[in-house]
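Enquirer: Input file: coords-v9.txt. Contents: compact mmCIF, C-alpha atoms.
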# COMPACT_ATOMS: atom_id res chain seq x y z
CA MET A 1 -23.35 2.38 -27.80
CA ALA A 2 -23.03 5.56 -25.75
CA THR A 3 -19.33 4.97 -25.11
CA THR A 4 -18.36 5.99 -28.62
CA THR A 5 -18.64 9.68 -27.77
CA VAL A 6 -17.01 9.33 -24.37
CA ASN A 7 -13.28 9.22 -23.84
CA ASN A 8 -11.84 8.77 -20.37
CA GLY A 9 -8.67 7.25 -21.80
CA VAL A 10 -9.56 3.69 -20.83
CA ASN A 11 -9.65 1.08 -23.59
CA VAL A 12 -12.67 -0.79 -22.26
CA GLN A 13 -13.12 -2.74 -25.48
CA ALA A 14 -9.63 -4.21 -25.14
CA LEU A 15 -10.46 -5.26 -21.58
CA LEU A 16 -13.72 -6.87 -22.64
CA ASP A 17 -11.89 -8.67 -25.46
CA ALA A 18 -9.20 -9.82 -23.00
CA ARG A 19 -11.89 -11.17 -20.72
CA GLU A 20 -13.24 -13.27 -23.57
CA ALA A 21 -9.78 -14.47 -24.63
CA LEU A 22 -8.83 -15.38 -21.06
CA LYS A 23 -11.87 -17.61 -20.63
CA GLY A 24 -10.03 -20.39 -22.41
CA ALA A 25 -6.69 -19.78 -20.68
CA PRO A 26 -6.95 -20.35 -16.93
CA GLU A 27 -3.17 -20.20 -16.37
CA ALA A 28 -2.89 -16.79 -18.03
CA THR A 29 -4.99 -15.07 -15.37
CA LYS A 30 -2.60 -16.02 -12.55
CA PHE A 31 -0.43 -13.01 -11.76
CA THR A 32 2.45 -12.55 -9.36
CA TRP A 33 3.35 -8.98 -8.42
CA ARG A 34 6.77 -8.38 -6.92
CA ALA A 35 8.84 -5.90 -4.95
CA SER A 36 12.33 -6.00 -3.49
CA CYS A 37 13.33 -3.96 -0.48
CA LYS A 38 16.73 -2.88 0.83
CA TRP A 39 17.22 -1.51 4.31
CA GLN A 40 19.25 1.72 4.23
CA ASP A 41 19.62 2.95 7.82
CA GLY A 42 17.34 3.22 10.83
CA THR A 43 13.72 3.02 9.68
CA TYR A 44 14.69 4.13 6.16
CA SER A 45 14.35 1.67 3.24
CA LYS A 46 14.12 1.64 -0.53
CA THR A 47 11.75 -0.69 -2.33
CA ASN A 48 12.08 -1.35 -6.04
CA VAL A 49 9.36 -2.52 -8.41
CA GLN A 50 9.69 -3.58 -12.01
CA GLY A 51 9.15 -7.24 -12.91
CA PHE A 52 5.99 -9.26 -12.53
CA PHE A 53 4.52 -12.48 -13.89
CA GLY A 54 1.28 -12.69 -15.85
CA LEU A 55 -0.37 -14.00 -19.01
CA GLY A 56 1.83 -17.08 -18.56
CA GLU A 57 5.17 -15.29 -18.80
CA GLU A 58 7.57 -12.79 -17.25
CA GLN A 59 6.56 -9.17 -17.74
CA LYS A 60 8.04 -5.88 -16.68
CA HIS A 61 7.15 -2.25 -16.26
CA LYS A 62 8.84 0.12 -18.73
CA THR A 63 11.00 1.48 -15.93
CA GLU A 64 12.13 0.32 -12.52
CA THR A 65 10.74 2.58 -9.80
CA SER A 66 12.22 2.99 -6.35
CA PHE A 67 10.14 4.04 -3.34
CA GLU A 68 11.59 5.48 -0.17
CA ALA A 69 9.95 4.95 3.20
CA ASP A 70 10.88 6.17 6.64
CA HIS A 71 9.35 7.32 9.90
CA PRO A 72 8.74 11.01 10.60
CA GLU A 73 10.81 13.19 12.91
CA ILE A 74 8.20 13.03 15.68
CA PHE A 75 9.06 9.29 15.89
CA ALA A 76 12.74 10.20 16.40
CA SER A 77 13.47 9.35 12.78
CA GLU A 78 14.57 11.40 9.79
CA ASP A 79 11.55 11.52 7.48
CA ARG A 80 13.44 10.48 4.34
CA GLY A 81 10.22 9.16 2.82
CA ILE A 82 6.54 8.70 3.64
CA THR A 83 5.61 6.05 6.20
CA PRO A 84 4.83 2.47 5.14
CA ILE A 85 1.21 2.82 6.27
CA GLU A 86 0.73 5.83 3.99
CA TYR A 87 1.68 3.65 0.99
CA VAL A 88 -1.49 1.68 1.71
CA LEU A 89 -3.51 4.88 1.15
CA VAL A 90 -1.63 5.54 -2.11
CA GLY A 91 -2.58 2.06 -3.33
CA LEU A 92 -6.22 2.42 -2.31
CA ALA A 93 -6.61 5.89 -3.82
CA SER A 94 -5.11 4.93 -7.16
CA CYS A 95 -7.00 1.62 -7.37
CA LEU A 96 -10.41 3.19 -6.78
CA THR A 97 -9.59 6.06 -9.15
CA ALA A 98 -8.54 3.77 -12.00
CA GLY A 99 -11.74 1.82 -11.39
CA VAL A 100 -13.88 4.96 -11.55
CA ALA A 101 -12.35 5.84 -14.95
CA ALA A 102 -12.85 2.33 -16.33
CA VAL A 103 -16.42 1.92 -15.06
CA ALA A 104 -17.41 5.42 -16.25
CA GLN A 105 -15.99 4.60 -19.69
CA ASN A 106 -17.92 1.33 -19.79
CA ARG A 107 -21.14 3.14 -18.82
CA GLY A 108 -20.64 5.97 -21.30
CA VAL A 109 -20.05 8.69 -18.71
CA GLN A 110 -17.54 11.39 -19.57
CA LEU A 111 -15.37 12.36 -16.60
CA ARG A 112 -13.98 15.87 -16.28
CA SER A 113 -12.21 15.55 -12.95
CA VAL A 114 -11.89 12.94 -10.23
CA GLN A 115 -10.31 13.86 -6.94
CA SER A 116 -10.28 11.99 -3.68
CA THR A 117 -9.03 12.52 -0.17
CA LEU A 118 -8.23 9.63 2.12
CA GLU A 119 -7.98 9.56 5.88
CA GLY A 120 -6.76 6.52 7.77
CA LYS A 121 -7.17 6.57 11.54
CA MET A 122 -4.74 4.68 13.73
CA ASP A 123 -3.92 4.62 17.42
CA ILE A 124 -0.16 4.32 17.78
CA ARG A 125 -0.51 2.61 21.15
CA GLY A 126 -0.69 -0.53 18.99
CA ILE A 127 2.67 -0.29 17.23
CA LEU A 128 4.32 1.06 20.39
CA GLY A 129 3.18 -2.06 22.25
CA MET A 130 1.41 0.03 24.91
CA ASP A 131 -1.89 -1.84 24.84
CA SER A 132 -2.39 -5.27 23.30
CA ASP A 133 -6.10 -4.50 22.75
CA VAL A 134 -5.18 -1.73 20.30
CA ARG A 135 -4.52 -2.95 16.77
CA ASN A 136 -1.33 -1.98 14.92
CA GLY A 137 -2.96 -0.83 11.71
CA TYR A 138 -5.83 1.40 10.69
CA ASP A 139 -9.05 1.34 12.69
CA ASP A 140 -10.83 2.73 9.69
CA ILE A 141 -10.22 4.51 6.44
CA LYS A 142 -12.47 7.12 4.86
CA VAL A 143 -12.32 7.91 1.16
CA THR A 144 -14.18 10.97 -0.16
CA PHE A 145 -14.52 11.48 -3.91
CA LYS A 146 -15.22 14.76 -5.66
CA ILE A 147 -16.20 13.97 -9.22
CA ASP A 148 -17.13 16.30 -12.03
CA ALA A 149 -18.81 14.27 -14.79
CA ASP A 150 -21.64 14.27 -17.30
CA ALA A 151 -24.01 12.36 -15.05
CA PRO A 152 -26.37 12.87 -12.10
CA LYS A 153 -25.00 12.27 -8.61
CA GLN A 154 -26.80 8.94 -8.29
CA GLU A 155 -25.09 7.60 -11.39
CA ILE A 156 -21.72 8.85 -10.17
CA GLU A 157 -22.29 7.12 -6.85
CA ALA A 158 -23.10 3.89 -8.67
CA ILE A 159 -19.85 4.17 -10.65
CA VAL A 160 -17.86 4.61 -7.45
CA ALA A 161 -19.65 1.66 -5.86
CA GLN A 162 -18.82 -0.56 -8.85
CA SER A 163 -15.18 0.53 -8.70
CA GLN A 164 -15.11 -0.52 -5.04
CA LYS A 165 -16.66 -3.86 -5.93
CA ARG A 166 -13.83 -4.63 -8.37
CA SER A 167 -10.92 -3.03 -6.55
CA ALA A 168 -7.96 -5.27 -5.74
CA VAL A 169 -6.60 -2.94 -3.04
CA TYR A 170 -10.01 -2.37 -1.44
CA ASP A 171 -10.35 -6.15 -1.18
CA VAL A 172 -6.89 -6.57 0.38
CA ILE A 173 -7.62 -3.91 3.02
CA THR A 174 -11.18 -4.93 3.90
CA ASN A 175 -10.64 -8.70 3.86
CA PRO A 176 -7.89 -10.89 5.33
CA VAL A 177 -4.98 -11.93 3.12
CA ASN A 178 -2.62 -14.74 4.01
CA VAL A 179 0.94 -13.41 4.43
CA THR A 180 3.94 -15.66 5.02
CA VAL A 181 7.18 -14.13 6.26
CA GLU A 182 10.37 -16.20 6.12
CA VAL A 183 14.08 -15.77 6.69
CA ALA A 184 16.13 -17.37 3.90
CA MET B 1 22.97 -2.79 28.12
CA ALA B 2 24.15 -4.47 24.92
CA THR B 3 22.56 -1.80 22.71
CA THR B 4 25.26 0.73 23.54
CA THR B 5 27.69 -0.86 21.10
CA VAL B 6 25.07 -1.47 18.43
CA ASN B 7 23.93 1.19 15.98
CA ASN B 8 21.24 0.41 13.43
CA GLY B 9 20.27 4.07 13.22
CA VAL B 10 17.10 3.67 15.26
CA ASN B 11 16.72 5.81 18.37
CA VAL B 12 15.06 3.13 20.49
CA GLN B 13 15.52 5.09 23.70
CA ALA B 14 13.48 7.98 22.27
CA LEU B 15 10.71 5.53 21.35
CA LEU B 16 10.74 3.98 24.83
CA ASP B 17 10.63 7.47 26.36
CA ALA B 18 7.75 8.42 24.05
CA ARG B 19 5.87 5.33 25.14
CA GLU B 20 6.19 6.42 28.77
CA ALA B 21 5.22 10.02 28.00
CA LEU B 22 2.19 8.92 25.94
CA LYS B 23 0.79 6.81 28.79
CA GLY B 24 -0.70 9.96 30.30
CA ALA B 25 -1.89 11.43 27.00
CA PRO B 26 -4.52 9.18 25.38
CA GLU B 27 -5.47 11.78 22.74
CA ALA B 28 -1.87 12.15 21.54
CA THR B 29 -1.69 8.55 20.28
CA LYS B 30 -4.57 9.03 17.85
CA PHE B 31 -3.13 9.55 14.39
CA THR B 32 -4.76 10.31 11.05
CA TRP B 33 -2.70 9.60 7.93
CA ARG B 34 -3.79 11.28 4.72
CA ALA B 35 -3.43 11.16 0.97
CA SER B 36 -5.06 13.06 -1.87
CA CYS B 37 -5.44 11.64 -5.34
CA LYS B 38 -6.04 13.28 -8.71
CA TRP B 39 -7.12 11.32 -11.74
CA GLN B 40 -4.97 12.19 -14.77
CA ASP B 41 -6.20 10.10 -17.71
CA GLY B 42 -7.32 6.53 -18.21
CA THR B 43 -6.08 4.41 -15.32
CA TYR B 44 -3.33 6.95 -14.53
CA SER B 45 -3.44 8.94 -11.29
CA LYS B 46 -1.19 10.93 -8.99
CA THR B 47 -1.48 10.69 -5.23
CA ASN B 48 0.13 13.26 -2.95
CA VAL B 49 1.16 12.76 0.65
CA GLN B 50 2.39 15.36 3.09
CA GLY B 51 0.18 16.32 6.03
CA PHE B 52 -1.02 14.11 8.85
CA PHE B 53 -2.43 14.50 12.34
CA GLY B 54 -0.79 13.17 15.47
CA LEU B 55 0.38 14.01 18.99
CA GLY B 56 -2.71 16.19 19.21
CA GLU B 57 -1.85 18.51 16.33
CA GLU B 58 -1.30 18.91 12.60
CA GLN B 59 2.04 17.53 11.39
CA LYS B 60 3.69 17.29 8.03
CA HIS B 61 6.46 15.50 6.22
CA LYS B 62 9.43 17.69 5.26
CA THR B 63 8.40 17.44 1.62
CA GLU B 64 5.26 16.62 -0.32
CA THR B 65 5.70 13.43 -2.32
CA SER B 66 3.67 12.50 -5.39
CA PHE B 67 3.12 8.88 -6.45
CA GLU B 68 2.09 7.84 -9.93
CA ALA B 69 0.01 4.75 -10.55
CA ASP B 70 -1.27 3.19 -13.75
CA HIS B 71 -1.99 -0.15 -15.34
CA PRO B 72 0.60 -1.92 -17.50
CA GLU B 73 0.54 -2.14 -21.28
CA ILE B 74 -0.72 -5.74 -21.20
CA PHE B 75 -3.94 -4.31 -19.69
CA ALA B 76 -4.27 -1.95 -22.67
CA SER B 77 -2.93 0.92 -20.60
CA GLU B 78 0.24 3.02 -20.73
CA ASP B 79 2.28 1.96 -17.68
CA ARG B 80 2.95 5.51 -16.45
CA GLY B 81 3.46 4.16 -12.93
CA ILE B 82 3.34 0.93 -10.95
CA THR B 83 -0.06 -0.64 -10.31
CA PRO B 84 -2.06 0.22 -7.20
CA ILE B 85 -1.76 -3.34 -5.88
CA GLU B 86 2.05 -3.13 -6.05
CA TYR B 87 1.94 -0.14 -3.67
CA VAL B 88 0.61 -2.56 -1.05
CA LEU B 89 3.83 -4.58 -1.38
CA VAL B 90 5.91 -1.39 -1.04
CA GLY B 91 4.09 -0.60 2.20
CA LEU B 92 4.49 -4.12 3.58
CA ALA B 93 8.18 -4.38 2.66
CA SER B 94 9.11 -1.04 4.21
CA CYS B 95 7.01 -1.60 7.35
CA LEU B 96 8.56 -4.99 8.14
CA THR B 97 12.06 -3.67 7.33
CA ALA B 98 11.74 -0.65 9.64
CA GLY B 99 10.49 -3.04 12.31
CA VAL B 100 13.46 -5.37 11.87
CA ALA B 101 15.85 -2.43 12.36
CA ALA B 102 14.02 -1.18 15.45
CA VAL B 103 13.66 -4.60 17.09
CA ALA B 104 17.29 -5.52 16.33
CA GLN B 105 18.41 -2.25 17.91
CA ASN B 106 16.29 -2.90 20.98
CA ARG B 107 17.77 -6.40 21.29
CA GLY B 108 21.34 -5.25 20.78
CA VAL B 109 21.82 -6.95 17.41
CA GLN B 110 23.94 -5.13 14.84
CA LEU B 111 22.52 -5.39 11.32
CA ARG B 112 24.81 -5.31 8.31
CA SER B 113 22.24 -5.78 5.57
CA VAL B 114 18.53 -6.48 5.35
CA GLN B 115 16.98 -7.36 2.03
CA SER B 116 13.59 -8.77 1.23
CA THR B 117 11.69 -9.94 -1.78
CA LEU B 118 7.91 -9.96 -1.88
CA GLU B 119 5.57 -11.92 -4.10
CA GLY B 120 1.83 -11.33 -4.15
CA LYS B 121 -0.27 -13.83 -6.05
CA MET B 122 -3.52 -12.74 -7.63
CA ASP B 123 -5.92 -14.22 -10.15
CA ILE B 124 -7.12 -11.40 -12.41
CA ARG B 125 -10.39 -13.23 -13.12
CA GLY B 126 -11.53 -11.37 -9.98
CA ILE B 127 -10.95 -7.79 -11.11
CA LEU B 128 -12.10 -8.64 -14.65
CA GLY B 129 -15.42 -9.86 -13.23
CA MET B 130 -15.01 -13.29 -14.88
CA ASP B 131 -15.76 -15.37 -11.80
CA SER B 132 -17.43 -14.06 -8.65
CA ASP B 133 -15.76 -16.82 -6.60
CA VAL B 134 -12.32 -15.34 -7.36
CA ARG B 135 -11.33 -12.51 -5.05
CA ASN B 136 -10.11 -9.19 -6.48
CA GLY B 137 -6.98 -8.89 -4.39
CA TYR B 138 -4.07 -11.07 -3.39
CA ASP B 139 -4.65 -14.72 -2.58
CA ASP B 140 -1.45 -14.72 -0.65
CA ILE B 141 1.76 -12.78 -0.17
CA LYS B 142 5.16 -14.26 0.54
CA VAL B 143 7.94 -12.18 2.09
CA THR B 144 11.47 -13.60 2.16
CA PHE B 145 14.15 -11.83 4.18
CA LYS B 146 17.90 -12.16 3.71
CA ILE B 147 19.57 -10.67 6.75
CA ASP B 148 23.25 -10.33 7.53
CA ALA B 149 23.62 -9.57 11.24
CA ASP B 150 25.66 -10.33 14.33
CA ALA B 151 23.30 -13.01 15.57
CA PRO B 152 22.44 -16.69 15.02
CA LYS B 153 19.64 -17.50 12.59
CA GLN B 154 17.20 -18.29 15.40
CA GLU B 155 17.65 -14.84 16.90
CA ILE B 156 17.23 -13.21 13.50
CA GLU B 157 14.02 -15.16 12.96
CA ALA B 158 12.75 -13.97 16.32
CA ILE B 159 13.50 -10.36 15.36
CA VAL B 160 11.55 -10.76 12.11
CA ALA B 161 8.65 -12.37 13.99
CA GLN B 162 8.52 -9.48 16.46
CA SER B 163 8.58 -6.97 13.58
CA GLN B 164 5.58 -8.79 12.08
CA LYS B 165 3.79 -8.69 15.43
CA ARG B 166 4.08 -4.88 15.59
CA SER B 167 3.68 -4.04 11.90
CA ALA B 168 0.86 -1.66 10.98
CA VAL B 169 0.81 -2.71 7.31
CA TYR B 170 0.99 -6.44 8.10
CA ASP B 171 -2.06 -5.95 10.33
CA VAL B 172 -3.98 -4.04 7.65
CA ILE B 173 -3.32 -6.78 5.07
CA THR B 174 -3.94 -9.82 7.26
CA ASN B 175 -6.97 -8.47 9.14
CA PRO B 176 -10.09 -6.66 7.95
CA VAL B 177 -10.18 -2.85 8.07
CA ASN B 178 -13.37 -0.85 7.79
CA VAL B 179 -13.28 1.36 4.68
CA THR B 180 -15.99 3.92 3.88
CA VAL B 181 -16.17 5.36 0.37
CA GLU B 182 -18.32 8.42 -0.25
CA VAL B 183 -19.05 10.90 -3.00
CA ALA B 184 -19.06 14.49 -1.71
Have the structure of the file written as structure tokens, please.
Expert:
Amino acid sequence: MATTTVNNGVNVQALLDAREALKGAPEATKFTWRASCKWQDGTYSKTNVQGFFGLGEEQKHKTETSFEADHPEIFASEDRGITPIEYVLVGLASCLTAGVAAVAQNRGVQLRSVQSTLEGKMDIRGILGMDSDVRNGYDDIKVTFKIDADAPKQEIEAIVAQSQKRSAVYDVITNPVNVTVEVA
Amino acid sequence: MATTTVNNGVNVQALLDAREALKGAPEATKFTWRASCKWQDGTYSKTNVQGFFGLGEEQKHKTETSFEADHPEIFASEDRGITPIEYVLVGLASCLTAGVAAVAQNRGVQLRSVQSTLEGKMDIRGILGMDSDVRNGYDDIKVTFKIDADAPKQEIEAIVAQSQKRSAVYDVITNPVNVTVEVA
């Protein structure tokens, strides 16, 4: 198997083994990811992430991480963190990148560097309520990868395409997700 | 106007003024948000955010922020950051929370505290490629707000509903967005 000489730092064998093991354990594949947010002041908030549920039991990240979000000064705010809509780009970038590393490993392609730039276009007439025909969120997002790897461009493109096909965040952005918002 | 005695830290008047000013400047409302991601090792990446385009010119956040993402140890990875799909929850939480503060300010409702918990359910048979009928991303997301404010519950619920109606991230998650992925 070509993968023996390739090391992108992804333990593909463990993932393939997990896939086999999980075939007989339908409850174990049901995950719940969580976050808790506290309003600070104005448009500024802090969101913490640590615990989640999966493989049939409570899990947690090694450390609790806190993420600050705010609006920029040009929106009459204080820019104490990136905007909420930029967090969507962070999620998409990291999801596709992790996928590229995993797929390349599985296909025996050694990566040297993987960089991407993301651009999300949005008309703020939506969120400002200026025109109800303008959506609030992104009209479209463009992701451009620059990848240095031991493979021809066509093979690299196929790796990126497969990463897209299995990306959780790409799915959430390109397809509708049901969201319920309640006041306790 | 009731808002004169209320201070949630949101300069609603500036936003209303901006909305008026932008009516005559269709190009100024077109924003481009950006992120750039660098693969580190395995499923670990760092995504940086600082510059964006809006109001007809290049803008930037006061500081550049870097966000680490990884997969947890139960996925045979090293948990050097939260997962990409959790970043989506961070974006949703902070977007709805900023909206609650802005709408409450506009409606003259003083907020004392706004907290929310988010739960996103996902079946990992999707991303593991075990069953093509299982989607990769969230099946559904539940957001629960706990709000302490000078208003009856019905009014608080209406504020949350209006925040949802104008939320960029809520829109991106609940409706399809066109995403193009290319290799340079």
Enquirer: Identify, on the basis of all atoms listed in the file, every residue whose closest approach to Leu96 in chain B does not exceed 8 Å; exclude the query and any residue fewer than 4 positions from it along the same chain; express the result as a PyMOL selection string.
Expert: chain B and resi 92+100+160+163-164+167+170
Enquirer: If we count only C-alpha atoms and set the cut-off at 10 Å, which residues sit around Gln59 in chain B, ignoring sequence neighbours fewer than 4 positions away in its own chain? Please answer as a list in words.
Expert: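 Within the cut-off, the hits are Pro72, Glu73 and Ile74 of chain A; Phe31, Thr32, Trp33, Gln50, Gly51, Phe52, Phe53, Gly54 and Leu55 of chain B.
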Enquirer: Restricting the calculation to all atoms listed in the file: of A:Ala76, A:Asp123, A:Ala149, A:Asn48, which residue gets closest to Glu64 in chain A?
Expert: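 Closest candidate: A:Asn48.
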Enquirer: For chain A, which residue out of B:Glu68, B:Lys38, B:Gly24, B:Lys60 is the nearest one, using all atoms listed in the file?
Expert: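 Comparing B:Glu68, B:Lys38, B:Gly24, B:Lys60 against chain A, the winner is B:Lys38.
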Enquirer: How would chain A read as a short mmCIF file (atom, residue, chain, number, x, y, z; two decimals) with C-alpha atoms, keeping the file's coordinate frame after a least-squares superposition onto chain B over every Cα atom, matched in order?
Expert:
data_model
loop_
_atom_site.label_atom_id
_atom_site.label_comp_id
_atom_site.auth_asym_id
_atom_site.auth_seq_id
_atom_site.Cartn_x
_atom_site.Cartn_y
_atom_site.Cartn_z
CA MET A 1 22.93 -2.78 28.11
CA ALA A 2 24.14 -4.47 24.93
CA THR A 3 22.57 -1.81 22.72
CA THR A 4 25.25 0.73 23.54
CA THR A 5 27.69 -0.86 21.10
CA VAL A 6 25.08 -1.46 18.42
CA ASN A 7 23.94 1.17 15.97
CA ASN A 8 21.25 0.40 13.43
CA GLY A 9 20.28 4.07 13.23
CA VAL A 10 17.10 3.66 15.26
CA ASN A 11 16.71 5.81 18.38
CA VAL A 12 15.06 3.13 20.49
CA GLN A 13 15.53 5.10 23.70
CA ALA A 14 13.49 7.98 22.29
CA LEU A 15 10.73 5.53 21.38
CA LEU A 16 10.74 3.98 24.83
CA ASP A 17 10.64 7.46 26.38
CA ALA A 18 7.76 8.42 24.06
CA ARG A 19 5.88 5.32 25.15
CA GLU A 20 6.20 6.42 28.76
CA ALA A 21 5.20 10.02 28.00
CA LEU A 22 2.19 8.92 25.95
CA LYS A 23 0.79 6.83 28.80
CA GLY A 24 -0.69 9.95 30.31
CA ALA A 25 -1.90 11.42 27.01
CA PRO A 26 -4.51 9.19 25.38
CA GLU A 27 -5.47 11.78 22.74
CA ALA A 28 -1.88 12.15 21.54
CA THR A 29 -1.70 8.56 20.30
CA LYS A 30 -4.58 9.03 17.84
CA PHE A 31 -3.12 9.55 14.38
CA THR A 32 -4.76 10.30 11.05
CA TRP A 33 -2.70 9.61 7.93
CA ARG A 34 -3.80 11.28 4.72
CA ALA A 35 -3.43 11.16 0.95
CA SER A 36 -5.07 13.07 -1.88
CA CYS A 37 -5.45 11.63 -5.34
CA LYS A 38 -6.05 13.27 -8.71
CA TRP A 39 -7.14 11.32 -11.75
CA GLN A 40 -4.97 12.18 -14.77
CA ASP A 41 -6.21 10.11 -17.72
CA GLY A 42 -7.32 6.53 -18.22
CA THR A 43 -6.08 4.41 -15.32
CA TYR A 44 -3.33 6.93 -14.55
CA SER A 45 -3.45 8.94 -11.28
CA LYS A 46 -1.20 10.94 -9.01
CA THR A 47 -1.49 10.68 -5.25
CA ASN A 48 0.13 13.24 -2.97
CA VAL A 49 1.15 12.76 0.65
CA GLN A 50 2.39 15.35 3.09
CA GLY A 51 0.17 16.32 6.03
CA PHE A 52 -1.01 14.11 8.85
CA PHE A 53 -2.43 14.52 12.34
CA GLY A 54 -0.79 13.17 15.48
CA LEU A 55 0.38 14.01 19.00
CA GLY A 56 -2.73 16.21 19.21
CA GLU A 57 -1.85 18.53 16.34
CA GLU A 58 -1.29 18.91 12.61
CA GLN A 59 2.03 17.54 11.39
CA LYS A 60 3.68 17.30 8.02
CA HIS A 61 6.45 15.50 6.22
CA LYS A 62 9.42 17.68 5.25
CA THR A 63 8.40 17.42 1.61
CA GLU A 64 5.26 16.62 -0.31
CA THR A 65 5.69 13.42 -2.33
CA SER A 66 3.67 12.49 -5.38
CA PHE A 67 3.13 8.88 -6.45
CA GLU A 68 2.09 7.84 -9.93
CA ALA A 69 0.01 4.74 -10.55
CA ASP A 70 -1.26 3.19 -13.74
CA HIS A 71 -1.99 -0.16 -15.33
CA PRO A 72 0.60 -1.92 -17.49
CA GLU A 73 0.53 -2.15 -21.28
CA ILE A 74 -0.72 -5.75 -21.20
CA PHE A 75 -3.93 -4.31 -19.67
CA ALA A 76 -4.25 -1.95 -22.66
CA SER A 77 -2.92 0.91 -20.56
CA GLU A 78 0.23 3.01 -20.71
CA ASP A 79 2.29 1.95 -17.69
CA ARG A 80 2.96 5.49 -16.44
CA GLY A 81 3.47 4.17 -12.92
CA ILE A 82 3.35 0.93 -10.94
CA THR A 83 -0.05 -0.64 -10.30
CA PRO A 84 -2.07 0.21 -7.18
CA ILE A 85 -1.74 -3.35 -5.87
CA GLU A 86 2.05 -3.13 -6.04
CA TYR A 87 1.94 -0.13 -3.66
CA VAL A 88 0.60 -2.56 -1.05
CA LEU A 89 3.83 -4.57 -1.38
CA VAL A 90 5.90 -1.38 -1.04
CA GLY A 91 4.09 -0.59 2.21
CA LEU A 92 4.49 -4.11 3.59
CA ALA A 93 8.17 -4.37 2.67
CA SER A 94 9.10 -1.04 4.22
CA CYS A 95 7.01 -1.61 7.36
CA LEU A 96 8.57 -4.99 8.14
CA THR A 97 12.05 -3.66 7.34
CA ALA A 98 11.74 -0.65 9.64
CA GLY A 99 10.49 -3.04 12.32
CA VAL A 100 13.46 -5.37 11.86
CA ALA A 101 15.86 -2.42 12.36
CA ALA A 102 14.03 -1.18 15.46
CA VAL A 103 13.66 -4.60 17.10
CA ALA A 104 17.30 -5.52 16.33
CA GLN A 105 18.41 -2.24 17.90
CA ASN A 106 16.30 -2.91 20.99
CA ARG A 107 17.78 -6.41 21.30
CA GLY A 108 21.36 -5.27 20.77
CA VAL A 109 21.83 -6.95 17.40
CA GLN A 110 23.95 -5.14 14.84
CA LEU A 111 22.53 -5.39 11.32
CA ARG A 112 24.80 -5.32 8.30
CA SER A 113 22.23 -5.78 5.56
CA VAL A 114 18.52 -6.48 5.34
CA GLN A 115 16.98 -7.36 2.02
CA SER A 116 13.59 -8.77 1.25
CA THR A 117 11.68 -9.95 -1.78
CA LEU A 118 7.90 -9.95 -1.87
CA GLU A 119 5.58 -11.91 -4.10
CA GLY A 120 1.84 -11.32 -4.13
CA LYS A 121 -0.27 -13.83 -6.04
CA MET A 122 -3.52 -12.74 -7.63
CA ASP A 123 -5.92 -14.22 -10.16
CA ILE A 124 -7.11 -11.42 -12.41
CA ARG A 125 -10.37 -13.23 -13.12
CA GLY A 126 -11.51 -11.37 -9.98
CA ILE A 127 -10.95 -7.79 -11.12
CA LEU A 128 -12.09 -8.64 -14.65
CA GLY A 129 -15.40 -9.86 -13.23
CA MET A 130 -14.99 -13.28 -14.88
CA ASP A 131 -15.76 -15.37 -11.81
CA SER A 132 -17.43 -14.05 -8.67
CA ASP A 133 -15.77 -16.82 -6.61
CA VAL A 134 -12.33 -15.35 -7.37
CA ARG A 135 -11.33 -12.51 -5.07
CA ASN A 136 -10.11 -9.18 -6.48
CA GLY A 137 -6.99 -8.87 -4.37
CA TYR A 138 -4.07 -11.06 -3.38
CA ASP A 139 -4.67 -14.71 -2.56
CA ASP A 140 -1.45 -14.71 -0.62
CA ILE A 141 1.74 -12.78 -0.18
CA LYS A 142 5.16 -14.25 0.54
CA VAL A 143 7.94 -12.19 2.08
CA THR A 144 11.48 -13.61 2.16
CA PHE A 145 14.16 -11.83 4.18
CA LYS A 146 17.90 -12.15 3.69
CA ILE A 147 19.58 -10.68 6.73
CA ASP A 148 23.25 -10.34 7.52
CA ALA A 149 23.63 -9.57 11.24
CA ASP A 150 25.67 -10.34 14.33
CA ALA A 151 23.32 -13.03 15.57
CA PRO A 152 22.44 -16.70 15.01
CA LYS A 153 19.64 -17.50 12.58
CA GLN A 154 17.20 -18.29 15.38
CA GLU A 155 17.65 -14.85 16.89
CA ILE A 156 17.24 -13.22 13.48
CA GLU A 157 14.03 -15.17 12.95
CA ALA A 158 12.75 -13.98 16.32
CA ILE A 159 13.49 -10.36 15.35
CA VAL A 160 11.55 -10.76 12.11
CA ALA A 161 8.66 -12.37 13.98
CA GLN A 162 8.53 -9.47 16.45
CA SER A 163 8.57 -6.97 13.58
CA GLN A 164 5.57 -8.78 12.08
CA LYS A 165 3.79 -8.68 15.43
CA ARG A 166 4.07 -4.88 15.57
CA SER A 167 3.67 -4.03 11.90
CA ALA A 168 0.86 -1.65 10.98
CA VAL A 169 0.81 -2.71 7.31
CA TYR A 170 0.98 -6.43 8.10
CA ASP A 171 -2.06 -5.94 10.34
CA VAL A 172 -3.99 -4.04 7.65
CA ILE A 173 -3.33 -6.77 5.06
CA THR A 174 -3.94 -9.81 7.26
CA ASN A 175 -6.97 -8.47 9.14
CA PRO A 176 -10.10 -6.64 7.94
CA VAL A 177 -10.18 -2.85 8.07
CA ASN A 178 -13.37 -0.85 7.79
CA VAL A 179 -13.29 1.37 4.68
CA THR A 180 -15.99 3.91 3.87
CA VAL A 181 -16.17 5.37 0.37
CA GLU A 182 -18.33 8.43 -0.25
CA VAL A 183 -19.07 10.90 -3.01
CA ALA A 184 -19.08 14.49 -1.73
#
Enquirer: With distances taken over all atoms listed in the file, which residue among B:Ser45, B:Thr174, B:Ser66, B:Ser132 lies nearest Ser116 in chain A?
Expert: B:Ser45
